[in-house]
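Trainee: Pasting in a structure now, in structure tokens, and then I'll have a few things to ask.
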Amino acid sequence: RVLPRYEQRKAPLSYSQLLRSVFALFLQEPVLRIRAVLALLIFTAFSILWTSLVLPLSAPPISLSHTAIGSFGLAGAAGALAAARAGRLADRGLGQWTTGTALALLFLSWLPISFISHSLFAL
């Protein structure tokens with residue numbers, strides 16, 4: 001309300017032009033490319049982690065039902081909450097620290113899988 005009015009007189013972009021602009025940004029911005037590759041690798045490792053849990057959770061002696069195994073997906077809600085917090089930290093200039101912390105936590109998240117045959121609580 002207190003900012004001066006500024007009217008931009010550019011023609012609106014079509015949807016196809018908007019999509020092309022994303023690719024242009026990807027080619028022009030090295031930080032975007034690095035972050036995209038890191039996000040790809042983190043998502044891949046996260047998917048492999050959770051997908052591999054199905055086998056030991058469904059096998060004896062644990063033998064959980066599909067519903068019980070699926071309930072482990074609720075951990076994804078914590079991930080969504082953490083993503084919002086990570087975004088706020090990155091906006092404050094802590095993007096590299098946030099990414100490093102995320103990579104360390106992802107690395108540590110593989111450790112509980114080794115204890116799954118001994119304790120479901122450890123997972």
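To be explicit about the labels: the chains of the structure tokens are called A, B, and onward in the order shown, and within each one the residues are counted from 1, while ligands get numbers from 1 in the order they are shown.
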Excluding same-chain residues fewer than 4 positions from range 47-50 of chain A, what lies within 8 Å of it counting only C-alpha atoms, as a PyMOL selection string?

Mentor: chain A and resi 43+54+110

Trainee: DSSP on the backbone, alpha helix (DSSP H) only: what residues of chain A does that give? Format it as a VMD selection string.

Mentor: chain A and resid 15 to 28 30 to 52 54 to 58 66 to 71 75 to 91 95 to 109

Trainee: Would you list the contacts of Gly73 in chain A as a ChimeraX atom specification, taking every protein, DNA or RNA residue within 12 Å and counting only C-alpha atoms, but skipping same-chain residues closer than 4 positions in sequence?

Mentor: /A:46-47,49-51,53-54,66-69,77-80

Trainee: Of the residues A:Ala24, A:Val31, A:Leu111, A:Ala86, which is the one nearest to Leu123 in chain A, using only C-alpha atoms?

Mentor: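 Closest candidate: A:Leu111.
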
Trainee: Which residue, A:Leu3, A:Leu103, A:Ala90, A:Leu55, has the smallest gap to Ser117 in chain A when you use only C-alpha atoms?

Mentor: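 Once distances to Ser117 in chain A are computed over only C-alpha atoms, the minimum belongs to A:Leu55.
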
Trainee: Which residue out of A:Tyr6, A:Ala45, A:Pro56, A:Arg85 has the minimum interatomic distance to Ser114 in chain A when only C-alpha atoms are used?

Mentor: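 With only C-alpha atoms as the atom set, the closest residue is A:Pro56.
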
Trainee: What separation in Å, quoted to one decimal, exists between CA of Gln96 in chain A and CA of Glu29 in chain A?

Mentor: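 Those two atoms sit 16.3 Å apart.
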
Trainee: Could you state the separation of CA of Pro61 in chain A and CA of Phe115 in chain A in Å, given to one decimal place?

Mentor: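 Interatomic distance here is 13.3 Å.
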
Trainee: Interatomic distance between CA of Thr98 in chain A and CA of Leu41 in chain A?

Mentor: 15.3 Å

Trainee: Under the rule that only C-alpha atoms are counted, which of A:Ala102, A:Ile116, A:Leu108, A:Leu38 is the nearest residue to Ser52 in chain A?

Mentor: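 Closest candidate: A:Ile116.
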
Trainee: Determine, counting only C-alpha atoms, which protein, DNA and RNA residues have an atom within 12 Å of an atom of Phe23 in chain A; residues of the same chain fewer than 6 positions away are not included. Present the result as JSON, numbers by chain.

Mentor: {"A": [16, 17, 29, 32, 33]}
